[in-house]
$ cat query10.cif   # mmCIF, C-alpha atoms
data_model
loop_
_atom_site.label_atom_id
_atom_site.label_comp_id
_atom_site.auth_asym_id
_atom_site.auth_seq_id
_atom_site.Cartn_x
_atom_site.Cartn_y
_atom_site.Cartn_z
CA MET A 385 -49.53 29.01 -123.93
CA LYS A 386 -47.92 26.38 -126.15
CA LYS A 387 -44.83 26.78 -124.02
CA ILE A 388 -46.51 25.51 -120.83
CA LEU A 389 -48.37 22.74 -122.66
CA ILE A 390 -45.06 21.34 -123.91
CA VAL A 391 -43.69 21.29 -120.37
CA SER A 392 -46.77 19.53 -118.97
CA LEU A 393 -46.79 16.92 -121.70
CA LEU A 394 -43.13 16.14 -121.20
CA ILE A 395 -43.68 15.61 -117.49
CA ILE A 396 -46.61 13.25 -117.88
CA LEU A 397 -45.56 11.27 -120.94
CA SER A 398 -42.39 10.17 -119.19
CA ALA A 399 -44.30 8.77 -116.25
CA SER A 400 -46.82 6.74 -118.18
CA ALA A 401 -45.02 4.68 -120.78
CA CYS A 402 -45.45 0.99 -120.39
CA ARG A 403 -45.86 -2.04 -122.61
CA SER A 404 -46.95 -5.12 -120.76
CA ARG A 405 -48.12 -6.21 -117.38
CA SER A 406 -45.08 -8.04 -116.15
CA SER A 407 -43.23 -8.28 -112.89
CA GLY A 408 -40.87 -5.46 -113.86
CA PRO A 409 -41.28 -2.20 -115.76
CA PRO A 410 -41.80 -3.01 -119.41
CA THR A 411 -39.71 -1.80 -122.31
CA GLY A 412 -40.71 -0.62 -125.74
CA THR A 413 -41.35 2.27 -128.09
CA TRP A 414 -44.60 4.21 -128.58
CA LYS A 415 -45.41 6.88 -131.12
CA TYR A 416 -47.99 9.62 -130.70
CA ARG A 417 -49.71 12.41 -132.61
CA LEU A 418 -49.93 15.81 -130.93
CA LEU A 419 -52.83 18.19 -131.42
CA VAL A 420 -53.54 21.64 -130.00
CA ASN A 421 -57.19 22.65 -129.98
CA GLY A 422 -57.85 19.90 -132.51
CA ALA A 423 -55.15 20.93 -134.97
CA PRO A 424 -52.10 18.69 -135.60
CA ILE A 425 -49.02 20.28 -134.13
CA GLY A 426 -46.45 17.50 -134.08
CA SER A 427 -45.48 14.09 -132.80
CA ALA A 428 -43.87 12.38 -129.85
CA VAL A 429 -41.95 9.15 -129.34
CA SER A 430 -41.56 7.52 -125.96
CA THR A 431 -39.15 4.67 -125.26
CA ASN A 432 -38.26 2.68 -122.20
CA SER A 433 -35.31 0.31 -122.03
CA LEU A 434 -33.30 -1.72 -119.54
CA SER A 435 -29.59 -1.60 -120.11
CA GLY A 436 -26.67 -2.36 -117.81
CA GLY A 437 -28.94 -2.65 -114.78
CA LYS A 438 -30.43 0.78 -115.40
CA TYR A 439 -33.71 1.93 -116.82
CA VAL A 440 -33.46 4.56 -119.54
CA SER A 441 -36.69 6.36 -120.47
CA THR A 442 -36.65 8.78 -123.38
CA VAL A 443 -39.32 11.16 -124.65
CA GLU A 444 -38.80 13.10 -127.85
CA MET A 445 -41.28 15.67 -129.07
CA GLU A 446 -41.39 17.63 -132.29
CA MET A 447 -43.83 20.51 -132.63
CA ASP A 448 -44.25 22.64 -135.72
CA ALA A 449 -46.37 25.78 -135.46
CA GLY A 450 -45.48 26.87 -138.98
CA TYR A 451 -43.43 29.92 -138.05
CA VAL A 452 -41.46 28.11 -135.37
CA LYS A 453 -40.33 24.53 -134.81
CA ASN A 454 -39.62 23.16 -131.36
CA SER A 455 -37.84 19.92 -130.45
CA THR A 456 -37.60 18.58 -126.96
CA ARG A 457 -35.78 15.51 -125.74
CA GLN A 458 -35.78 14.20 -122.20
CA VAL A 459 -33.76 11.23 -120.99
CA VAL A 460 -34.28 9.73 -117.54
CA THR A 461 -31.76 7.23 -116.20
CA GLU A 462 -32.61 5.45 -112.96
CA THR A 463 -31.85 2.24 -111.11
CA THR A 464 -34.17 -0.72 -111.21
CA ASP A 465 -35.54 0.42 -107.83
CA PHE A 466 -36.10 3.96 -109.18
CA LYS A 467 -33.17 5.77 -107.61
CA PRO A 468 -32.33 8.81 -109.77
CA LEU A 469 -29.06 8.65 -111.69
CA LYS A 470 -29.32 11.25 -114.46
CA LEU A 471 -31.82 13.58 -116.06
CA GLU A 472 -31.19 15.30 -119.37
CA VAL A 473 -33.53 17.83 -120.97
CA TYR A 474 -32.70 19.37 -124.32
CA ASN A 475 -34.86 21.95 -126.03
CA LYS A 476 -34.24 23.43 -129.45
CA THR A 477 -36.23 26.08 -131.25
CA VAL A 478 -35.71 26.91 -134.91
CA GLN A 479 -37.18 30.02 -136.47
CA ASN A 480 -36.14 31.57 -139.76
CA GLY A 481 -33.04 29.45 -139.73
CA GLN A 482 -31.98 30.63 -136.30
CA GLU A 483 -31.61 28.07 -133.53
CA ASN A 484 -31.96 28.53 -129.79
CA GLU A 485 -30.94 25.70 -127.52
CA LEU A 486 -31.55 25.15 -123.87
CA LYS A 487 -30.27 22.21 -121.88
CA THR A 488 -30.51 20.99 -118.33
CA ILE A 489 -28.41 18.05 -117.21
CA ALA A 490 -28.71 16.82 -113.65
CA VAL A 491 -26.51 14.07 -112.24
CA PHE A 492 -27.67 12.56 -108.97
CA LYS A 493 -25.64 11.10 -106.15
CA GLY A 494 -28.21 10.47 -103.45
CA ALA A 495 -29.55 13.84 -102.31
CA ARG A 496 -26.82 15.73 -104.15
CA VAL A 497 -27.65 17.07 -107.60
CA ASP A 498 -24.95 18.41 -109.93
CA LEU A 499 -26.63 20.72 -112.41
CA ASP A 500 -25.40 21.88 -115.78
CA THR A 501 -27.71 24.39 -117.43
CA GLY A 502 -25.31 25.27 -120.22
CA ASP A 503 -24.38 28.74 -119.04
CA ALA A 504 -23.81 27.69 -115.45
CA LYS A 505 -22.97 24.73 -113.28
CA SER A 506 -24.15 24.34 -109.71
CA THR A 507 -24.77 21.80 -106.99
CA ILE A 508 -27.85 21.54 -104.82
CA THR A 509 -28.96 19.19 -102.08
CA ILE A 510 -32.53 17.97 -101.94
CA SER A 511 -33.77 17.22 -98.46
CA LYS A 512 -36.84 15.10 -99.21
CA PRO A 513 -37.06 11.71 -100.95
CA PHE A 514 -37.62 12.10 -104.64
CA ILE A 515 -37.70 10.19 -107.90
CA LEU A 516 -37.55 11.08 -111.58
CA GLU A 517 -40.32 10.76 -114.12
CA GLY A 518 -39.40 7.23 -114.99
CA ASN A 519 -41.11 3.95 -114.20
CA TYR A 520 -42.18 4.35 -110.60
CA PHE A 521 -45.75 5.56 -111.06
CA MET A 522 -46.86 3.03 -113.61
CA LYS A 523 -45.18 0.25 -111.65
CA GLU A 524 -47.25 1.17 -108.58
CA LEU A 525 -50.46 1.52 -110.58
CA MET A 526 -49.94 -1.86 -112.18
CA LYS A 527 -49.30 -3.40 -108.77
CA SER A 528 -52.72 -2.12 -107.70
CA GLY A 529 -54.31 -3.61 -110.80
CA PHE A 530 -55.50 -0.12 -111.76
CA LYS A 531 -58.16 -0.36 -109.10
CA ALA A 532 -60.49 2.64 -109.16
CA GLY A 533 -59.65 5.02 -106.33
CA THR A 534 -55.98 4.08 -106.20
CA VAL A 535 -53.76 7.08 -105.56
CA VAL A 536 -50.02 7.06 -106.10
CA ARG A 537 -48.02 10.08 -105.06
CA HIS A 538 -44.35 10.95 -104.87
CA HIS A 539 -42.07 13.96 -105.08
CA VAL A 540 -40.51 14.21 -108.51
CA TYR A 541 -37.50 16.27 -109.52
CA GLU A 542 -38.71 18.36 -112.46
CA PRO A 543 -36.38 21.28 -113.28
CA THR A 544 -38.82 22.88 -115.72
CA VAL A 545 -41.06 23.59 -112.72
CA ASP A 546 -38.54 24.03 -109.93
CA ILE A 547 -34.84 23.63 -110.35
CA GLU A 548 -34.15 23.38 -106.61
CA GLU A 549 -37.05 21.44 -105.08
CA PRO A 550 -38.95 18.36 -106.22
CA VAL A 551 -42.66 18.78 -106.87
CA LEU A 552 -45.44 16.52 -105.69
CA MET A 553 -47.00 14.45 -108.44
CA ILE A 554 -50.23 12.58 -107.80
CA ILE A 555 -51.90 10.05 -110.06
CA ARG A 556 -55.41 8.79 -109.34
CA VAL A 557 -57.22 5.90 -110.97
CA ILE A 558 -60.61 7.38 -111.83
CA GLY A 559 -62.16 4.30 -113.41
CA THR A 560 -62.81 2.54 -116.71
CA GLU A 561 -64.44 4.44 -119.56
CA GLU A 562 -65.35 3.98 -123.20
CA VAL A 563 -63.11 6.27 -125.24
CA THR A 564 -63.13 6.84 -128.99
CA ILE A 565 -59.67 7.09 -130.49
CA ASN A 566 -58.85 7.12 -134.18
CA GLY A 567 -62.46 6.15 -134.94
CA ALA A 568 -62.48 3.10 -132.68
CA THR A 569 -64.10 2.90 -129.26
CA LYS A 570 -62.03 1.24 -126.56
CA SER A 571 -62.49 0.46 -122.91
CA LEU A 572 -59.65 2.26 -121.19
CA ILE A 573 -58.58 3.14 -117.68
CA HIS A 574 -58.92 6.83 -116.90
CA LEU A 575 -56.06 8.30 -114.85
CA GLY A 576 -56.03 11.80 -113.42
CA TYR A 577 -52.63 13.46 -113.09
CA ALA A 578 -51.95 16.34 -110.78
CA ILE A 579 -48.87 18.39 -110.02
CA GLU A 580 -49.05 19.77 -106.49
CA ASN A 581 -52.81 19.13 -106.37
CA MET A 582 -53.40 21.01 -109.61
CA LYS A 583 -55.28 18.43 -111.61
CA ASN A 584 -55.64 19.27 -115.24
CA ILE A 585 -54.33 16.22 -117.05
CA ASP A 586 -56.31 13.13 -118.03
CA ALA A 587 -54.77 10.00 -119.45
CA TYR A 588 -56.38 6.87 -120.82
CA VAL A 589 -54.37 3.68 -120.58
CA ASP A 590 -55.09 0.03 -121.33
CA SER A 591 -54.68 -2.86 -118.95
CA ASP A 592 -51.11 -3.33 -120.15
CA GLY A 593 -50.31 0.21 -119.06
CA ILE A 594 -49.98 1.67 -122.54
CA THR A 595 -51.18 5.28 -122.81
CA HIS A 596 -53.63 5.63 -125.69
CA LYS A 597 -54.69 9.21 -125.14
CA MET A 598 -53.77 12.12 -122.95
CA ILE A 599 -55.51 15.47 -122.63
CA ILE A 600 -54.07 18.57 -121.00
CA THR A 601 -56.30 21.59 -120.52
CA MET A 602 -54.95 24.95 -119.42
CA LEU A 603 -56.82 28.21 -119.80
CA ASN A 604 -58.61 27.80 -123.09
CA ASN A 605 -56.08 25.49 -124.71
CA ARG A 606 -56.37 21.75 -125.09
CA LEU A 607 -53.39 19.59 -125.94
CA GLU A 608 -54.03 16.02 -126.96
CA MET A 609 -51.58 13.21 -127.39
CA ILE A 610 -52.94 10.21 -129.28
CA LEU A 611 -51.27 6.85 -129.81
CA LYS A 612 -50.62 6.22 -133.49
CA MET B 212 -69.52 29.14 -114.68
CA ARG B 213 -68.51 32.05 -112.50
CA VAL B 214 -68.80 35.60 -113.79
CA ILE B 215 -66.55 38.23 -112.31
CA ASP B 216 -67.08 41.91 -113.10
CA ILE B 217 -63.88 43.88 -113.07
CA GLU B 218 -64.05 47.63 -112.71
CA THR B 219 -60.88 49.38 -113.63
CA GLY B 220 -59.70 52.92 -113.59
CA GLU B 221 -56.92 55.12 -112.42
CA LYS B 222 -54.64 53.65 -109.84
CA ARG B 223 -54.97 55.36 -106.49
CA SER B 224 -52.06 56.09 -104.19
CA ALA B 225 -49.26 53.67 -104.82
CA ALA B 226 -49.44 51.91 -101.50
CA ALA B 227 -47.30 49.06 -102.65
CA ALA B 228 -46.51 46.50 -100.00
CA ALA B 229 -42.76 46.65 -100.37
CA GLY B 230 -41.95 43.84 -98.06
CA ASP B 231 -38.81 41.96 -98.91
CA LEU B 232 -37.72 42.88 -102.39
CA SER B 233 -34.71 40.58 -102.44
CA GLU B 234 -36.44 37.95 -104.57
CA TYR B 235 -36.92 40.61 -107.25
CA ARG B 236 -33.21 41.29 -107.47
CA VAL B 237 -31.89 37.75 -107.79
CA ASN B 238 -30.28 36.25 -110.83
CA THR B 239 -31.88 33.22 -112.44
CA ARG B 240 -30.98 30.91 -115.28
CA PHE B 241 -33.27 32.91 -117.55
CA LEU B 242 -32.16 36.39 -116.46
CA ASN B 243 -28.35 36.11 -116.76
CA ILE B 244 -27.79 39.40 -114.96
CA THR B 245 -24.09 38.61 -114.46
CA SER B 246 -23.54 37.95 -118.15
CA PRO B 247 -20.98 40.38 -119.64
CA GLU B 248 -23.35 41.20 -122.49
CA ILE B 249 -26.25 42.01 -120.18
CA ILE B 250 -24.00 44.01 -117.88
CA GLN B 251 -22.59 45.98 -120.80
CA ALA B 252 -26.04 46.68 -122.22
CA ALA B 253 -27.33 47.74 -118.81
CA GLU B 254 -24.41 50.08 -118.15
CA ARG B 255 -25.21 52.00 -121.32
CA LEU B 256 -28.62 52.77 -119.81
CA ARG B 257 -27.52 53.63 -116.29
CA GLY B 258 -27.13 57.37 -116.83
CA SER B 259 -30.78 57.89 -117.68
CA SER B 260 -32.95 59.97 -115.39
CA ASP B 261 -35.77 57.47 -115.83
CA ILE B 262 -34.13 54.09 -116.07
CA PRO B 263 -37.28 51.94 -116.26
CA SER B 264 -38.62 53.95 -119.21
CA THR B 265 -35.24 53.85 -120.89
CA VAL B 266 -35.05 50.08 -120.45
CA GLU B 267 -38.56 49.74 -121.84
CA LYS B 268 -37.70 51.72 -124.96
CA PHE B 269 -34.34 50.06 -125.39
CA VAL B 270 -35.81 46.55 -125.27
CA PHE B 271 -38.54 47.50 -127.72
CA GLY B 272 -35.99 48.83 -130.18
CA HIS B 273 -33.40 46.14 -129.61
CA ILE B 274 -35.81 43.28 -130.31
CA SER B 275 -36.24 44.34 -133.90
CA ASP B 276 -37.82 41.10 -135.14
CA LYS B 277 -41.22 40.93 -133.47
CA THR B 278 -42.20 37.33 -133.83
CA LEU B 279 -44.41 34.83 -132.05
CA GLY B 280 -43.96 31.43 -130.58
CA ILE B 281 -40.45 31.17 -129.17
CA PRO B 282 -40.41 29.21 -125.90
CA ILE B 283 -39.02 31.07 -122.93
CA ILE B 284 -35.29 31.52 -123.45
CA PRO B 285 -32.52 33.15 -121.40
CA ALA B 286 -32.09 36.91 -121.58
CA VAL B 287 -28.61 36.70 -123.10
CA GLN B 288 -30.02 34.69 -126.02
CA VAL B 289 -32.82 37.23 -126.43
CA TYR B 290 -30.20 39.97 -126.46
CA ARG B 291 -28.14 38.20 -129.12
CA ASN B 292 -31.04 37.09 -131.32
CA ARG B 293 -32.98 40.36 -131.22
CA ARG B 294 -36.13 38.40 -131.86
CA GLY B 295 -39.20 37.47 -129.92
CA ASP B 296 -42.66 38.08 -128.60
CA CYS B 297 -43.92 39.43 -125.30
CA THR B 298 -42.04 36.76 -123.35
CA GLU B 299 -38.67 37.79 -124.77
CA HIS B 300 -39.44 41.48 -124.21
CA ALA B 301 -40.37 40.83 -120.59
CA VAL B 302 -37.38 38.57 -119.88
CA LEU B 303 -34.88 41.06 -121.31
CA ALA B 304 -36.53 44.00 -119.55
CA VAL B 305 -36.45 42.27 -116.15
CA SER B 306 -32.86 41.17 -116.77
CA LEU B 307 -31.64 44.67 -117.55
CA LEU B 308 -33.58 46.23 -114.67
CA ARG B 309 -32.15 43.75 -112.16
CA ALA B 310 -28.67 44.20 -113.62
CA LEU B 311 -29.13 47.90 -112.85
CA GLY B 312 -30.15 47.11 -109.29
CA ILE B 313 -33.85 47.86 -109.74
CA PRO B 314 -36.20 45.24 -108.28
CA SER B 315 -38.35 43.88 -111.08
CA ARG B 316 -40.65 41.01 -111.87
CA ALA B 317 -42.54 39.41 -114.72
CA LEU B 318 -46.28 38.91 -114.89
CA VAL B 319 -48.46 36.75 -117.10
CA GLY B 320 -52.08 37.35 -117.91
CA MET B 321 -54.06 39.13 -120.59
CA TYR B 322 -53.92 42.47 -122.33
CA LEU B 323 -56.73 44.27 -124.14
CA ALA B 324 -55.24 45.00 -127.53
CA ASN B 325 -56.69 47.55 -129.92
CA GLU B 326 -55.99 45.08 -132.65
CA PHE B 327 -54.36 41.66 -132.87
CA MET B 328 -54.11 39.46 -135.93
CA GLY B 329 -56.94 41.27 -137.66
CA ARG B 330 -59.33 41.41 -134.70
CA LYS B 331 -60.15 44.58 -132.79
CA ASN B 332 -60.54 45.10 -129.03
CA ILE B 333 -59.39 41.63 -128.17
CA PHE B 334 -57.87 40.19 -125.04
CA VAL B 335 -54.65 38.36 -125.76
CA TYR B 336 -52.41 36.28 -123.52
CA HIS B 337 -49.46 38.41 -122.52
CA MET B 338 -46.34 38.68 -120.40
CA TRP B 339 -45.00 42.01 -119.15
CA ALA B 340 -42.84 43.42 -116.37
CA GLU B 341 -42.98 45.69 -113.35
CA ALA B 342 -40.20 47.73 -111.79
CA TYR B 343 -40.15 48.86 -108.18
CA GLN B 344 -39.39 52.53 -108.00
CA GLY B 345 -40.34 55.34 -105.64
CA GLY B 346 -42.17 52.98 -103.30
CA ALA B 347 -44.43 51.52 -105.96
CA TRP B 348 -44.55 48.89 -108.65
CA ARG B 349 -44.56 50.46 -112.06
CA LEU B 350 -45.85 48.94 -115.27
CA ILE B 351 -43.10 48.14 -117.75
CA ASP B 352 -44.31 46.71 -121.05
CA ALA B 353 -41.46 46.67 -123.52
CA THR B 354 -43.79 45.56 -126.32
CA ARG B 355 -45.51 48.97 -126.11
CA PRO B 356 -43.29 51.57 -124.43
CA GLY B 357 -45.18 54.28 -122.61
CA GLU B 358 -48.33 52.24 -122.15
CA ASN B 359 -49.87 53.55 -118.94
CA ARG B 360 -53.41 52.21 -119.23
CA HIS B 361 -53.23 49.74 -116.38
CA ASN B 362 -56.87 48.81 -116.85
CA ARG B 363 -55.95 46.99 -120.04
CA TYR B 364 -54.00 44.39 -118.12
CA ILE B 365 -55.42 41.40 -116.26
CA ALA B 366 -52.69 39.60 -114.34
CA PHE B 367 -53.01 35.88 -113.64
CA ALA B 368 -49.70 35.28 -111.89
CA TYR B 369 -46.16 36.40 -111.33
CA HIS B 370 -43.52 34.38 -113.17
CA SER B 371 -40.28 33.98 -111.22
CA LEU B 372 -38.25 33.22 -114.38
CA LYS B 373 -36.39 30.58 -112.33
CA ALA B 374 -37.87 27.77 -114.43
CA GLU B 375 -40.03 27.45 -117.55
CA ALA B 376 -43.21 26.85 -115.58
CA PRO B 377 -42.77 27.77 -111.90
CA LEU B 378 -45.32 26.43 -109.43
CA ASP B 379 -47.00 29.75 -108.63
CA TYR B 380 -47.54 30.30 -112.34
CA LEU B 381 -48.78 26.73 -112.83
CA ARG B 382 -51.19 27.08 -109.91
CA ALA B 383 -52.73 30.20 -111.38
CA ILE B 384 -53.21 28.98 -114.90
CA SER B 385 -54.36 25.55 -113.79
CA ALA B 386 -57.14 27.15 -111.78
CA ILE B 387 -58.55 28.88 -114.83
CA SER B 388 -60.40 27.05 -117.58
CA ASN B 389 -63.01 28.01 -120.13
CA PHE B 390 -62.04 31.61 -119.54
CA SER B 391 -63.53 34.40 -121.58
CA ALA B 392 -63.25 38.15 -121.22
CA GLU B 393 -65.36 40.81 -122.88
CA TYR B 394 -64.60 44.48 -123.09
CA ILE B 395 -67.88 46.33 -122.55
CA GLY B 396 -66.47 49.77 -123.13
CA ARG B 397 -66.65 52.91 -121.08
#
$ encode --input "query10.cif" --output "structure tokens"
Amino acid sequence: MKKILIVSLLIILSASACRSRSSGPPTGTWKYRLLVNGAPIGSAVSTNSLSGGKYVSTVEMEMDAGYVKNSTRQVVTETTDFKPLKLEVYNKTVQNGQENELKTIAVFKGARVDLDTGDAKSTITISKPFILEGNYFMKELMKSGFKAGTVVRHHVYEPTVDIEEPVLMIIRVIGTEEVTINGATKSLIHLGYAIENMKNIDAYVDSDGITHKMIITMLNNRLEMILK
Amino acid sequence: MRVIDIETGEKRSAAAAAGDLSEYRVNTRFLNITSPEIIQAAERLRGSSDIPSTVEKFVFGHISDKTLGIPIIPAVQVYRNRRGDCTEHAVLAVSLLRALGIPSRALVGMYLANEFMGRKNIFVYHMWAEAYQGGAWRLIDATRPGENRHNRYIAFAYHSLKAEAPLDYLRAISAISNFSAEYIGR
């Protein structure tokens, strides 16, 4: 089950990194602790930058289950109006000194996607409008002022779920709640994330759009990501 | 909370809805059925009179390092590393079966294990395979060759092995929370 939790976390963490309420998507770096069923399992770092007229959002996760270590890195490159340019996903597993690596690199030219999955290269065409897991969602939520009931939805290209078709991602503003994190109680905005109407992810962000806590529940496993 | 009683027993006539089996023959980025190594390994098994059983036993023996926790990886890496848990066994089994032209698929769910990590009669999360042969889907579990007690398996979803977490698989496991299963015996 840890395998699917890693995938879900990667999807959501990319879409929710922000730093300040400004006219454009903010930039910065945020570090998180990862826990599975209450036990520390690793850490994550999320960054968002603006360089050469492009946004570059990076999420790096390290998970250590004792007998196996897993590292995942995802880089999203998009235009300032959220047109996809490039998506890179690298996954490395180390166990008893042996490494396994998996990569997916997608380069976008409009609807055309050139894929490199390491062992094979291919080209697909996506018929519906889509974005990457970059800055679009938080930008829209911030525009709404995180008003309770706000729903933002868009098709997102996510090769870990479907390498040929974008999936529908929906984020709802549930409301403001008191949440205890690292011993301190904060008033945070509760967001509900869903992939294709399967809602099982809750995030708590502040008014600047910074994610303080995220909880993913699948079967009997609970993955938490907590801002350091 | 919703309680569902499941009665299990012998499978009746194998009235499998064959339908279109083409999706169970396709190559995917995790199956590598056109890889020279997979093709070569499969060809060594082709002469068997019971190919699915032979594949099951081969995969069990070939993955000599039974270990937990590796994320889903392509079949050719499983073949080279000879290491893995139920996921790696299922991926390699499906890969070899499809390379041999036998429709096959992977399933995820739970298995009632006699013993697992010191606990007896326990349901554990599991991935296994099925091969379509003789008009029916046949259980192929390369982690325990010869297992024919279907009632020990509870399937949540099929896994297409086209991506790490395909939508059908995500839908199934997202619909289940706070799940518990108890074996109440015969």
$ closest_residue --input "query10.cif" --among "B:Lys373, B:Arg349, B:Arg255, B:Lys277" --to "chain A" --atoms "only C-alpha atoms"
B:Lys373
$ interface_residues --input "query10.cif" --of "chain A" --to "chain B" --cutoff "9 Å" --atoms "all atoms listed in the file" --output "VMD selection string"
chain A and resid 385 to 388 391 to 392 449 451 to 454 477 to 479 482 484 to 486 501 503 to 504 543 to 547 551 579 to 584 601 to 605
$ atom_distance --input "query10.cif" --atom1 "atom CA of Val536 of chain A" --atom2 "atom CA of Gly437 of chain A"
24.8 Å
$ resolve_selection --input "query10.cif" --expression "the PyMOL selection byres ((chain A and resi 427-432) around 6)" --output "count of residues only"
17
$ atom_distance --input "query10.cif" --atom1 "atom CA of Gly533 of chain A" --atom2 "atom CA of Arg556 of chain A"
6.4 Å
$ resolve_selection --input "query10.cif" --expression "the PyMOL selection byres ((chain A and resi 550) around 7)" --output "ChimeraX atom specification"
/A:514,539-542,546,548-549,551-552
$ residues_around --input "query10.cif" --residues "Glu393 of chain B" --least-positions-apart "6" --cutoff "9 Å" --atoms "only C-alpha atoms" --output "MDAnalysis selection string"
chainID B and resid 332:334
$ closest_residue --input "query10.cif" --among "A:Leu516, A:Ile558, A:Ile594, A:Ala423" --to "Leu607 of chain A" --atoms "all atoms listed in the file"
A:Ala423
$ residues_near_point --input "query10.cif" --point "(-51.0, -2.1, -108.1)" --cutoff "12 Å" --atoms "only C-alpha atoms" --output "CSV table (one decimal) with C-alpha atoms, keeping the file's coordinate frame"
chain,number,residue,atom,x,y,z
A,405,ARG,CA,-48.1,-6.2,-117.4
A,406,SER,CA,-45.1,-8.0,-116.2
A,407,SER,CA,-43.2,-8.3,-112.9
A,520,TYR,CA,-42.2,4.4,-110.6
A,521,PHE,CA,-45.8,5.6,-111.1
A,522,MET,CA,-46.9,3.0,-113.6
A,523,LYS,CA,-45.2,0.2,-111.6
A,524,GLU,CA,-47.2,1.2,-108.6
A,525,LEU,CA,-50.5,1.5,-110.6
A,526,MET,CA,-49.9,-1.9,-112.2
A,527,LYS,CA,-49.3,-3.4,-108.8
A,528,SER,CA,-52.7,-2.1,-107.7
A,529,GLY,CA,-54.3,-3.6,-110.8
A,530,PHE,CA,-55.5,-0.1,-111.8
A,531,LYS,CA,-58.2,-0.4,-109.1
A,532,ALA,CA,-60.5,2.6,-109.2
A,533,GLY,CA,-59.6,5.0,-106.3
A,534,THR,CA,-56.0,4.1,-106.2
A,535,VAL,CA,-53.8,7.1,-105.6
A,536,VAL,CA,-50.0,7.1,-106.1
A,556,ARG,CA,-55.4,8.8,-109.3
A,557,VAL,CA,-57.2,5.9,-111.0
A,591,SER,CA,-54.7,-2.9,-119.0
A,593,GLY,CA,-50.3,0.2,-119.1
$ resolve_selection --input "query10.cif" --expression "the PyMOL selection byres ((chain B and resi 318-323) around 6)" --output "list in words"
Ala317, Ala324, Ile333, Phe334, Val335, Tyr336, His337, Met338, Trp339, Ala340, Arg363, Tyr364, Ile365, Ala366, Phe367, Ala368, Tyr369 and His370 of chain B
$ write_last_selection --input "query10.cif" --atoms "C-alpha atoms" --output "CSV table (one decimal), in the frame of the given file"
chain,number,residue,atom,x,y,z
B,317,ALA,CA,-42.5,39.4,-114.7
B,324,ALA,CA,-55.2,45.0,-127.5
B,333,ILE,CA,-59.4,41.6,-128.2
B,334,PHE,CA,-57.9,40.2,-125.0
B,335,VAL,CA,-54.6,38.4,-125.8
B,336,TYR,CA,-52.4,36.3,-123.5
B,337,HIS,CA,-49.5,38.4,-122.5
B,338,MET,CA,-46.3,38.7,-120.4
B,339,TRP,CA,-45.0,42.0,-119.2
B,340,ALA,CA,-42.8,43.4,-116.4
B,363,ARG,CA,-56.0,47.0,-120.0
B,364,TYR,CA,-54.0,44.4,-118.1
B,365,ILE,CA,-55.4,41.4,-116.3
B,366,ALA,CA,-52.7,39.6,-114.3
B,367,PHE,CA,-53.0,35.9,-113.6
B,368,ALA,CA,-49.7,35.3,-111.9
B,369,TYR,CA,-46.2,36.4,-111.3
B,370,HIS,CA,-43.5,34.4,-113.2
$ closest_residue --input "query10.cif" --among "B:Ser259, B:Ser315, B:Thr354, B:Ser371" --to "Gly295 of chain B" --atoms "all atoms listed in the file"
B:Thr354
$ atom_distance --input "query10.cif" --atom1 "atom CA of Arg496 of chain A" --atom2 "atom CA of Thr509 of chain A"
4.6 Å
$ residues_around --input "query10.cif" --residues "segment 264-266 of chain B" --least-positions-apart "4" --cutoff "10 Å" --atoms "all atoms listed in the file" --output "PDB file with C-alpha atoms, in the frame of the given file"
ATOM      1  CA  ALA B 252     -26.040  46.680-122.220  1.00  0.00           C
ATOM      2  CA  ALA B 253     -27.330  47.740-118.810  1.00  0.00           C
ATOM      3  CA  LEU B 256     -28.620  52.770-119.810  1.00  0.00           C
ATOM      4  CA  ARG B 257     -27.520  53.630-116.290  1.00  0.00           C
ATOM      5  CA  GLY B 258     -27.130  57.370-116.830  1.00  0.00           C
ATOM      6  CA  SER B 259     -30.780  57.890-117.680  1.00  0.00           C
ATOM      7  CA  SER B 260     -32.950  59.970-115.390  1.00  0.00           C
ATOM      8  CA  VAL B 270     -35.810  46.550-125.270  1.00  0.00           C
ATOM      9  CA  PHE B 271     -38.540  47.500-127.720  1.00  0.00           C
ATOM     10  CA  GLY B 272     -35.990  48.830-130.180  1.00  0.00           C
ATOM     11  CA  LEU B 303     -34.880  41.060-121.310  1.00  0.00           C
ATOM     12  CA  ALA B 304     -36.530  44.000-119.550  1.00  0.00           C
ATOM     13  CA  VAL B 305     -36.450  42.270-116.150  1.00  0.00           C
ATOM     14  CA  SER B 306     -32.860  41.170-116.770  1.00  0.00           C
ATOM     15  CA  LEU B 307     -31.640  44.670-117.550  1.00  0.00           C
ATOM     16  CA  LEU B 308     -33.580  46.230-114.670  1.00  0.00           C
ATOM     17  CA  LEU B 311     -29.130  47.900-112.850  1.00  0.00           C
ATOM     18  CA  ALA B 342     -40.200  47.730-111.790  1.00  0.00           C
ATOM     19  CA  ARG B 349     -44.560  50.460-112.060  1.00  0.00           C
ATOM     20  CA  LEU B 350     -45.850  48.940-115.270  1.00  0.00           C
ATOM     21  CA  ILE B 351     -43.100  48.140-117.750  1.00  0.00           C
ATOM     22  CA  ASP B 352     -44.310  46.710-121.050  1.00  0.00           C
ATOM     23  CA  ALA B 353     -41.460  46.670-123.520  1.00  0.00           C
ATOM     24  CA  PRO B 356     -43.290  51.570-124.430  1.00  0.00           C
ATOM     25  CA  GLY B 357     -45.180  54.280-122.610  1.00  0.00           C
TER      26      GLY B 357
END
$ residues_near_point --input "query10.cif" --point "(-60.2, 6.8, -116.2)" --cutoff "7 Å" --atoms "only C-alpha atoms" --output "PyMOL selection string"
chain A and resi 557-561+572-575+588
